[in-house]
Number of protein chains: 2
Amino acid sequence: MAASTALNGSRTSSRISKETRERILKAAARLAYRPNATARALANRRMRTLGLAAVIDGGELNNYFLEVFNGVLEAATRHEQNTTVFALHDWGADTARLHGLCDGRIDGLILLAPTISRPMTRLLPAHTPFVSLHANIALPGVINIESDEEKGAREMVRHLVRCGHRRIMHVAGPTRQLGAERRFRGYRRALAAARLPYERDLLVKAGYTVAEGRAGVRDWLRGHAGRPVPDAIFCANDGCAIGCIQALAEAGLRVPDDISVAGFDDTLAARTTVPQLTTVRQPLREMGARAVEVLLARIAQLEGAGGKAPDSPIVFPVALVDRASVSAPPRVLRLVPASR
Amino acid sequence: MAASTALNGSRTSSRISKETRERILKAAARLAYRPNATARALANRRMRTLGLAAVIDGGELNNYFLEVFNGVLEAATRHEQNTTVFALHDWGADTARLHGLCDGRIDGLILLAPTISRPMTRLLPAHTPFVSLHANIALPGVINIESDEEKGAREMVRHLVRCGHRRIMHVAGPTRQLGAERRFRGYRRALAAARLPYERDLLVKAGYTVAEGRAGVRDWLRGHAGRPVPDAIFCANDGCAIGCIQALAEAGLRVPDDISVAGFDDTLAARTTVPQLTTVRQPLREMGARAVEVLLARIAQLEGAGGKAPDSPIVFPVALVDRASVSAPPRVLRLVPASR
DNA sequence: CTGAAAGCGCTTACAG
DNA sequence: CTGAAAGCGCTTACAG
């Protein structure tokens, strides 16, 4: 008992004499004593570790994950919490697996971009605090962290228009994904605001991966040989923007000389590509850090330790990042080259 | 007792009657019973979670980490192990922090690219199984997983020579880093084998980040205005190769038309850059997965459960991946443009 | 086949 | 100020 309170500085009814405390501390140092974490967790009902559940998209964690994870890890470390990562293959099939994690090994869980259907919502473990990031629907009792994606899309398209572009293509993200829909909506609103027509032919349905962006744009180009290329392409995220640039390069079109391309997210990939991407920055890292803070507040709240967690969604602002992949349109009309 | 053995199917002296077992199982299902992980861990001395310690380089986890982590996570999930990630800022300063992790919360630890000095080696926690990946020095009692980096470098430079390049620059990684040294050595050996001179002026000391690659090459170009550019550049990793391409682009030099650039590692970045990088593939994902397997074998071994862990380093083969950033040298001599 | 008991290594009222 | 005791929720010999 004396050892426990001396080592933890915890406040019980008990006081320890200076002498005893020092004797304990000295002995602990000599023995390189480490309190056993599992015994402590069992007694405290607190593991001091947070979970991060992410779907591995196409078999691998991507740059979006990396960015958020950097923020999560930073904040968790700052609060002396460990972080354990759970890779799911599918939110639908693996919702059950989440229960296996809520067995005392974590104190709370961050759901990363969960696409959970309304009925499945009731299958979520009941007694574990959650926070979600970019959730597709509002999960009951779960605070969601998101950003103003529609506005970001609007501003990017407005920027393209200001640069002189008129025929602006949109390479869209996964259908029925809330974020992708918001970006698409922002695109249409910005066109309308600029009194530009929305042309169905300039919408390419792709997804968030490089491969999908590449395939989508490649197919479009194949189907439009000899016709004019768009002035600019607004892609639903950085990943498919990169795929898009690859497809353009294969067709002999240069970015931004022949055609401008913009992304969304500002992940590491936007900075480590040539040309660097003009994109909409979501502060993913800060959002990840915030998820940790909110989750910790929620845990403290449930423990009755005061601390109020917010209960409405937290919306982060977005910002346009102007780099090298967007410029003014070329003077001469570019046509889609015949495919090789 | 009956519940425990029925639920775990564990083999004690005890047998449970079919009836009792079924009654237990049914009750467990009805109550949605989950054994508490910490209590279980306390009794078993086994948490079923593995740690991954990584230094966050320049404030963020990078593509190298992402690649390895994908493999670690995949293998850990397959073996029903959780994975917790520890971010260190510095191997020197934070070696002590590792002790805080070896307190029962993990069963073993993967050290990712540790640069631990010889004397610090004795400060590592003694009773936790370790595996290292790309360790700078052999850690006593720790199995290291690495790849044949020197050979990879040799083959890449040989490939450049075969493409017709003669003046081949090397953008080097961090000094005193074993891997970077091996790559540099491979470069020199390949030059010697091709009877090409090693020119000190064609060595740029950079590092593994995009920023360092960019700055290194930019400075070199500034210092060589009006002089011929190299035929090709072999970079110590993909990150600095991308920085290199950015610096070349800023100077108006195109890859691979004006100059060829090769990377090393084959991280996600190599595939998501335009042009896609010709690079040396280290099977980072497989190496991460293997780290898990070896660690698990080591844990089983220490538990006396048989299972032999290897004790000499495991060396993975490398492979040249020929993509778009390397081609034959241009017909005309390129000079470094005057800086703008 | 079944169940009482001790133990894993901590924390925290509680009685002296 | 100090220490004996109970409890956190499991597992596993051990005696019936």
# chains A, B, ... in the order shown; residues from 1 in each chain; ligands from 1
>>> calpha_fit_and_write(fixed="chain B", moving="chain A", output="short mmCIF file (atom, residue, chain, number, x, y, z; two decimals) with C-alpha atoms, in the first residue's frame")
data_model
loop_
_atom_site.label_atom_id
_atom_site.label_comp_id
_atom_site.auth_asym_id
_atom_site.auth_seq_id
_atom_site.Cartn_x
_atom_site.Cartn_y
_atom_site.Cartn_z
CA MET A 1 -13.74 -22.48 -13.75
CA ALA A 2 -16.18 -24.35 -15.94
CA ALA A 3 -16.97 -21.13 -17.78
CA SER A 4 -13.33 -20.44 -18.36
CA THR A 5 -12.45 -23.79 -19.82
CA ALA A 6 -15.66 -24.07 -21.80
CA LEU A 7 -15.15 -20.67 -23.37
CA ASN A 8 -11.48 -21.09 -24.13
CA GLY A 9 -11.45 -24.74 -25.04
CA SER A 10 -8.32 -24.87 -22.94
CA ARG A 11 -6.94 -28.22 -21.92
CA THR A 12 -6.73 -28.69 -18.19
CA SER A 13 -7.16 -31.83 -16.22
CA SER A 14 -10.81 -30.96 -16.31
CA ARG A 15 -13.44 -32.10 -18.71
CA ILE A 16 -16.78 -30.41 -18.98
CA SER A 17 -19.90 -32.32 -19.82
CA LYS A 18 -21.55 -31.50 -23.08
CA GLU A 19 -24.59 -30.22 -21.24
CA THR A 20 -22.73 -27.85 -18.98
CA ARG A 21 -20.65 -26.57 -21.86
CA GLU A 22 -23.74 -25.79 -23.86
CA ARG A 23 -25.45 -24.10 -20.99
CA ILE A 24 -22.38 -21.92 -20.55
CA LEU A 25 -22.08 -21.09 -24.22
CA LYS A 26 -25.73 -20.20 -24.42
CA ALA A 27 -25.58 -17.94 -21.40
CA ALA A 28 -22.45 -16.26 -22.74
CA ALA A 29 -24.17 -15.56 -26.03
CA ARG A 30 -27.25 -14.21 -24.33
CA LEU A 31 -25.23 -11.86 -22.17
CA ALA A 32 -22.89 -10.90 -25.01
CA TYR A 33 -20.15 -11.85 -22.63
CA ARG A 34 -16.60 -10.71 -23.47
CA PRO A 35 -13.74 -11.91 -21.32
CA ASN A 36 -11.92 -8.90 -19.95
CA ALA A 37 -8.63 -8.55 -21.76
CA THR A 38 -6.68 -7.04 -18.91
CA ALA A 39 -7.72 -9.69 -16.39
CA ARG A 40 -6.82 -12.33 -18.91
CA ALA A 41 -3.49 -10.69 -19.59
CA LEU A 42 -2.75 -10.49 -15.89
CA ALA A 43 -3.38 -14.17 -15.38
CA ASN A 44 -1.67 -15.25 -18.60
CA ARG A 45 1.20 -12.84 -18.75
CA ARG A 46 0.29 -12.40 -22.35
CA MET A 47 -1.42 -9.37 -23.80
CA ARG A 48 -1.61 -10.60 -27.38
CA THR A 49 -0.36 -7.28 -28.59
CA LEU A 50 2.87 -6.34 -30.26
CA GLY A 51 4.60 -2.98 -30.19
CA LEU A 52 6.14 -1.11 -33.08
CA ALA A 53 8.57 1.62 -32.12
CA ALA A 54 9.42 4.16 -34.78
CA VAL A 55 11.18 7.45 -34.80
CA ILE A 56 9.12 10.21 -36.28
CA ASP A 57 11.51 11.75 -38.69
CA GLY A 58 11.07 15.48 -39.13
CA GLY A 59 7.89 15.44 -37.10
CA GLU A 60 6.06 12.90 -39.16
CA LEU A 61 5.84 9.27 -39.97
CA ASN A 62 6.79 8.75 -43.57
CA ASN A 63 6.19 6.43 -46.48
CA TYR A 64 8.81 3.98 -45.31
CA PHE A 65 6.90 3.58 -42.08
CA LEU A 66 3.62 3.24 -43.93
CA GLU A 67 4.93 0.44 -46.09
CA VAL A 68 6.38 -1.55 -43.21
CA PHE A 69 3.33 -0.88 -41.08
CA ASN A 70 1.07 -2.34 -43.73
CA GLY A 71 2.98 -5.59 -43.49
CA VAL A 72 3.11 -5.57 -39.71
CA LEU A 73 -0.58 -4.95 -39.42
CA GLU A 74 -1.46 -7.63 -41.93
CA ALA A 75 0.61 -10.29 -40.20
CA ALA A 76 -0.43 -9.23 -36.72
CA THR A 77 -4.09 -9.37 -37.66
CA ARG A 78 -3.59 -12.78 -39.21
CA HIS A 79 -2.14 -14.01 -35.93
CA GLU A 80 -4.83 -12.29 -33.91
CA GLN A 81 -2.41 -9.89 -32.33
CA ASN A 82 -3.04 -6.22 -31.78
CA THR A 83 -0.47 -3.67 -32.76
CA THR A 84 0.40 -0.59 -30.84
CA VAL A 85 2.62 2.07 -32.28
CA PHE A 86 5.07 4.11 -30.26
CA ALA A 87 6.44 7.27 -31.74
CA LEU A 88 9.87 8.27 -30.52
CA HIS A 89 11.59 11.50 -31.32
CA ASP A 90 15.09 10.28 -30.97
CA TRP A 91 16.54 6.85 -30.35
CA GLY A 92 19.14 8.26 -28.05
CA ALA A 93 16.91 10.31 -25.80
CA ASP A 94 13.97 7.94 -25.86
CA THR A 95 15.61 4.61 -25.23
CA ALA A 96 14.57 5.07 -21.64
CA ARG A 97 10.96 5.50 -22.68
CA LEU A 98 10.99 2.02 -24.15
CA HIS A 99 11.11 0.67 -20.61
CA GLY A 100 7.78 2.26 -19.91
CA LEU A 101 6.28 0.13 -22.66
CA CYS A 102 7.74 -3.12 -21.50
CA ASP A 103 5.50 -3.32 -18.46
CA GLY A 104 3.18 -6.04 -19.60
CA ARG A 105 1.23 -4.07 -22.13
CA ILE A 106 3.03 -5.65 -25.05
CA ASP A 107 4.49 -9.09 -25.48
CA GLY A 108 7.27 -8.03 -27.78
CA LEU A 109 8.58 -5.03 -29.64
CA ILE A 110 9.64 -4.32 -33.20
CA LEU A 111 12.30 -1.65 -33.45
CA LEU A 112 11.99 0.18 -36.73
CA ALA A 113 15.30 1.39 -38.11
CA PRO A 114 16.82 2.01 -34.72
CA THR A 115 20.04 3.98 -34.66
CA ILE A 116 21.11 3.03 -31.21
CA SER A 117 24.70 3.53 -30.21
CA ARG A 118 26.75 0.66 -28.87
CA PRO A 119 26.80 1.86 -25.23
CA MET A 120 23.07 2.48 -25.22
CA THR A 121 22.52 -1.09 -26.15
CA ARG A 122 22.71 -2.10 -22.50
CA LEU A 123 19.87 0.23 -21.62
CA LEU A 124 17.37 -1.78 -23.59
CA PRO A 125 14.75 -3.51 -21.46
CA ALA A 126 16.07 -6.94 -20.67
CA HIS A 127 13.07 -9.21 -20.46
CA THR A 128 11.13 -8.22 -23.52
CA PRO A 129 11.64 -9.97 -26.84
CA PHE A 130 12.76 -7.67 -29.63
CA VAL A 131 13.13 -7.77 -33.37
CA SER A 132 14.77 -5.00 -35.32
CA LEU A 133 14.31 -3.87 -38.88
CA HIS A 134 17.17 -2.08 -40.58
CA ALA A 135 19.10 -1.68 -37.36
CA ASN A 136 22.24 0.35 -37.59
CA ILE A 137 24.24 -2.03 -35.45
CA ALA A 138 23.63 -5.57 -34.30
CA LEU A 139 21.74 -5.41 -31.02
CA PRO A 140 22.68 -8.21 -28.65
CA GLY A 141 20.12 -10.98 -28.66
CA VAL A 142 17.99 -9.17 -31.21
CA ILE A 143 17.31 -10.62 -34.62
CA ASN A 144 17.65 -8.07 -37.39
CA ILE A 145 15.76 -8.01 -40.64
CA GLU A 146 17.35 -6.26 -43.55
CA SER A 147 17.77 -6.41 -47.30
CA ASP A 148 20.68 -6.55 -49.66
CA GLU A 149 20.93 -2.82 -50.12
CA GLU A 150 24.41 -2.75 -51.55
CA LYS A 151 23.49 -5.15 -54.28
CA GLY A 152 20.37 -3.13 -55.06
CA ALA A 153 22.45 0.01 -55.46
CA ARG A 154 24.96 -1.83 -57.63
CA GLU A 155 22.28 -3.14 -59.91
CA MET A 156 20.59 0.18 -60.28
CA VAL A 157 23.81 1.92 -61.25
CA ARG A 158 24.62 -0.92 -63.61
CA HIS A 159 21.21 -0.42 -65.16
CA LEU A 160 21.87 3.28 -65.61
CA VAL A 161 25.19 2.49 -67.28
CA ARG A 162 23.50 0.04 -69.60
CA CYS A 163 21.03 2.74 -70.57
CA GLY A 164 23.99 4.74 -71.79
CA HIS A 165 24.61 7.03 -68.83
CA ARG A 166 28.20 7.85 -67.90
CA ARG A 167 28.23 10.77 -65.51
CA ILE A 168 26.06 9.44 -62.72
CA MET A 169 25.42 11.56 -59.66
CA HIS A 170 24.62 10.09 -56.27
CA VAL A 171 22.35 11.90 -53.86
CA ALA A 172 23.29 10.26 -50.61
CA GLY A 173 21.23 9.52 -47.51
CA PRO A 174 22.09 10.47 -43.95
CA THR A 175 25.74 10.00 -43.07
CA ARG A 176 26.64 7.30 -40.60
CA GLN A 177 23.48 5.47 -41.40
CA LEU A 178 24.34 1.90 -42.28
CA GLY A 179 21.76 1.58 -45.06
CA ALA A 180 22.81 4.82 -46.68
CA GLU A 181 26.42 3.73 -46.54
CA ARG A 182 25.60 0.43 -48.16
CA ARG A 183 23.83 2.21 -50.98
CA PHE A 184 26.75 4.53 -51.48
CA ARG A 185 29.15 1.61 -51.47
CA GLY A 186 27.06 -0.17 -54.09
CA TYR A 187 27.19 2.96 -56.23
CA ARG A 188 30.97 3.11 -56.07
CA ARG A 189 31.41 -0.58 -56.74
CA ALA A 190 29.17 -0.41 -59.78
CA LEU A 191 31.11 2.55 -61.13
CA ALA A 192 34.34 0.66 -60.63
CA ALA A 193 32.93 -2.43 -62.27
CA ALA A 194 31.96 -0.33 -65.28
CA ARG A 195 35.41 1.31 -65.26
CA LEU A 196 33.83 4.69 -64.70
CA PRO A 197 35.63 7.19 -62.50
CA TYR A 198 34.17 8.15 -59.14
CA GLU A 199 33.94 11.92 -59.14
CA ARG A 200 33.64 13.56 -55.77
CA ASP A 201 31.86 16.45 -57.44
CA LEU A 202 28.99 14.15 -58.37
CA LEU A 203 28.27 13.22 -54.77
CA VAL A 204 25.54 15.25 -53.09
CA LYS A 205 25.07 14.75 -49.40
CA ALA A 206 21.41 15.01 -48.59
CA GLY A 207 19.27 12.71 -46.46
CA TYR A 208 16.14 10.61 -46.78
CA THR A 209 13.57 13.39 -46.92
CA VAL A 210 12.07 15.18 -49.89
CA ALA A 211 13.24 18.49 -48.50
CA GLU A 212 16.83 17.37 -48.19
CA GLY A 213 16.92 15.88 -51.66
CA ARG A 214 15.47 19.03 -53.08
CA ALA A 215 17.83 21.36 -51.25
CA GLY A 216 20.87 19.24 -52.04
CA VAL A 217 20.26 19.13 -55.75
CA ARG A 218 19.18 22.75 -55.90
CA ASP A 219 22.40 23.86 -54.26
CA TRP A 220 24.46 21.72 -56.56
CA LEU A 221 22.74 23.19 -59.61
CA ARG A 222 23.28 26.71 -58.33
CA GLY A 223 26.95 26.01 -57.92
CA HIS A 224 27.29 24.62 -61.43
CA ALA A 225 25.52 27.13 -63.67
CA GLY A 226 26.55 26.78 -67.29
CA ARG A 227 28.29 23.47 -66.71
CA PRO A 228 26.98 20.13 -67.96
CA VAL A 229 24.37 18.36 -65.87
CA PRO A 230 24.93 14.70 -65.00
CA ASP A 231 23.42 12.10 -67.31
CA ALA A 232 21.57 10.46 -64.48
CA ILE A 233 21.07 10.70 -60.72
CA PHE A 234 20.92 7.73 -58.40
CA CYS A 235 19.21 8.79 -55.20
CA ALA A 236 19.53 7.05 -51.85
CA ASN A 237 15.78 6.65 -51.50
CA ASP A 238 12.47 7.53 -53.12
CA GLY A 239 11.91 10.52 -50.90
CA CYS A 240 15.07 12.34 -51.87
CA ALA A 241 14.59 11.24 -55.49
CA ILE A 242 11.31 13.12 -55.47
CA GLY A 243 12.99 16.15 -53.95
CA CYS A 244 15.62 15.83 -56.63
CA ILE A 245 13.02 15.79 -59.41
CA GLN A 246 11.42 18.87 -57.89
CA ALA A 247 14.71 20.73 -57.86
CA LEU A 248 15.34 19.73 -61.47
CA ALA A 249 11.87 20.88 -62.46
CA GLU A 250 12.47 24.24 -60.81
CA ALA A 251 15.59 24.57 -62.93
CA GLY A 252 13.63 23.71 -66.05
CA LEU A 253 15.03 20.21 -66.42
CA ARG A 254 12.63 17.43 -67.27
CA VAL A 255 12.75 13.86 -66.04
CA PRO A 256 13.50 11.59 -67.85
CA ASP A 257 13.78 13.62 -71.08
CA ASP A 258 16.66 15.79 -69.94
CA ILE A 259 18.00 13.70 -67.12
CA SER A 260 17.23 10.34 -65.58
CA VAL A 261 16.53 9.88 -61.89
CA ALA A 262 16.37 6.66 -59.89
CA GLY A 263 15.20 6.07 -56.34
CA PHE A 264 15.43 3.33 -53.77
CA ASP A 265 12.85 1.51 -51.60
CA ASP A 266 9.77 1.41 -53.80
CA THR A 267 7.47 3.03 -51.31
CA LEU A 268 4.01 4.23 -52.17
CA ALA A 269 5.58 7.52 -53.22
CA ALA A 270 7.43 5.84 -56.07
CA ARG A 271 4.13 4.84 -57.59
CA THR A 272 2.24 8.02 -56.81
CA THR A 273 4.56 10.46 -58.41
CA VAL A 274 4.69 11.68 -61.97
CA PRO A 275 6.75 10.31 -63.60
CA GLN A 276 6.62 7.08 -61.66
CA LEU A 277 10.00 6.27 -60.22
CA THR A 278 12.42 3.70 -61.47
CA THR A 279 13.66 2.36 -58.19
CA VAL A 280 15.08 -0.53 -56.22
CA ARG A 281 12.40 -2.46 -54.51
CA GLN A 282 12.92 -3.52 -50.94
CA PRO A 283 9.99 -5.74 -49.99
CA LEU A 284 9.19 -3.54 -47.01
CA ARG A 285 5.77 -4.92 -46.54
CA GLU A 286 6.97 -8.50 -46.50
CA MET A 287 9.77 -7.48 -44.19
CA GLY A 288 7.29 -5.97 -41.76
CA ALA A 289 5.22 -9.14 -41.88
CA ARG A 290 8.30 -11.23 -41.29
CA ALA A 291 9.24 -9.12 -38.30
CA VAL A 292 5.94 -10.12 -36.74
CA GLU A 293 6.46 -13.80 -37.47
CA VAL A 294 9.96 -13.79 -36.05
CA LEU A 295 8.87 -11.88 -32.98
CA LEU A 296 6.03 -14.29 -32.35
CA ALA A 297 8.41 -17.23 -32.69
CA ARG A 298 10.75 -15.58 -30.23
CA ILE A 299 7.94 -15.03 -27.74
CA ALA A 300 6.84 -18.65 -28.03
CA GLN A 301 10.43 -19.73 -27.55
CA LEU A 302 10.82 -17.69 -24.38
CA GLU A 303 7.60 -19.14 -23.09
CA GLY A 304 9.18 -22.51 -23.59
CA ALA A 305 6.50 -23.39 -26.07
CA GLY A 306 9.13 -24.69 -28.44
CA GLY A 307 9.31 -22.85 -31.76
CA LYS A 308 12.76 -21.77 -32.79
CA ALA A 309 13.49 -18.22 -33.71
CA PRO A 310 16.45 -17.73 -36.02
CA ASP A 311 19.35 -15.81 -34.57
CA SER A 312 21.29 -14.54 -37.54
CA PRO A 313 20.10 -11.55 -39.55
CA ILE A 314 17.44 -12.22 -42.13
CA VAL A 315 18.35 -10.68 -45.47
CA PHE A 316 15.70 -10.08 -48.06
CA PRO A 317 16.51 -9.84 -51.77
CA VAL A 318 15.98 -6.61 -53.65
CA ALA A 319 14.76 -6.08 -57.19
CA LEU A 320 15.06 -3.39 -59.79
CA VAL A 321 11.73 -1.87 -60.75
CA ASP A 322 11.89 -0.18 -64.10
CA ARG A 323 9.33 2.57 -64.41
CA ALA A 324 9.28 5.96 -66.08
CA SER A 325 11.97 8.15 -64.51
CA VAL A 326 14.92 6.59 -66.32
CA SER A 327 15.51 6.55 -70.05
CA ALA A 328 18.43 6.88 -72.45
CA PRO A 329 20.41 10.11 -72.20
CA PRO A 330 19.34 12.96 -74.51
CA ARG A 331 21.26 13.41 -77.77
CA VAL A 332 22.34 16.92 -76.98
CA LEU A 333 24.44 17.97 -74.03
CA ARG A 334 22.34 19.60 -71.32
CA LEU A 335 23.79 22.43 -69.32
CA VAL A 336 22.65 23.66 -65.94
CA PRO A 337 20.43 26.66 -66.69
CA ALA A 338 21.35 29.92 -64.98
CA SER A 339 19.26 30.08 -61.84
CA ARG A 340 16.27 32.33 -62.07
#
>>> interface_residues(of="chain D", to="chain B", cutoff="12 Å", atoms="only C-alpha atoms (C1' of nucleotides)", output="list in words")
DC8, DG9, DC10, DT11, DT12, DA13 and DC14 of chain D
>>> select_by_dssp(residues="range 78-307 of chain B", states="helix (DSSP H, G or I)", output="ChimeraX atom specification")
/B:78,91-101,119-123,149-162,178-193,200-202,210-222,238-250,268-271,284-302
>>> select_by_dssp(residues="range 87-304 of chain B", states="strand (DSSP E)", output="ChimeraX atom specification")
/B:87-88,108-112,130-133,143-147,168-172,203-205,232-235,260-262,279-281
>>> decode(residues="range 2-14 of chain D", atoms="C-alpha atoms (C1' of nucleotides)", output="compact mmCIF listing (two decimals), in the first residue's frame")
# COMPACT_ATOMS: atom_id res chain seq x y z
C1' DT D 2 1.11 2.58 8.75
C1' DG D 3 -0.43 -1.96 7.31
C1' DA D 4 -3.88 -5.80 6.90
C1' DA D 5 -7.58 -6.83 3.80
C1' DA D 6 -10.59 -7.01 -0.01
C1' DG D 7 -11.21 -6.55 -4.73
C1' DC D 8 -10.31 -5.85 -10.00
C1' DG D 9 -11.77 -10.52 -13.50
C1' DC D 10 -9.56 -13.91 -15.14
C1' DT D 11 -6.76 -18.98 -15.15
C1' DT D 12 -5.26 -23.24 -13.42
C1' DA D 13 -3.63 -26.82 -10.42
C1' DC D 14 -6.01 -29.57 -7.03
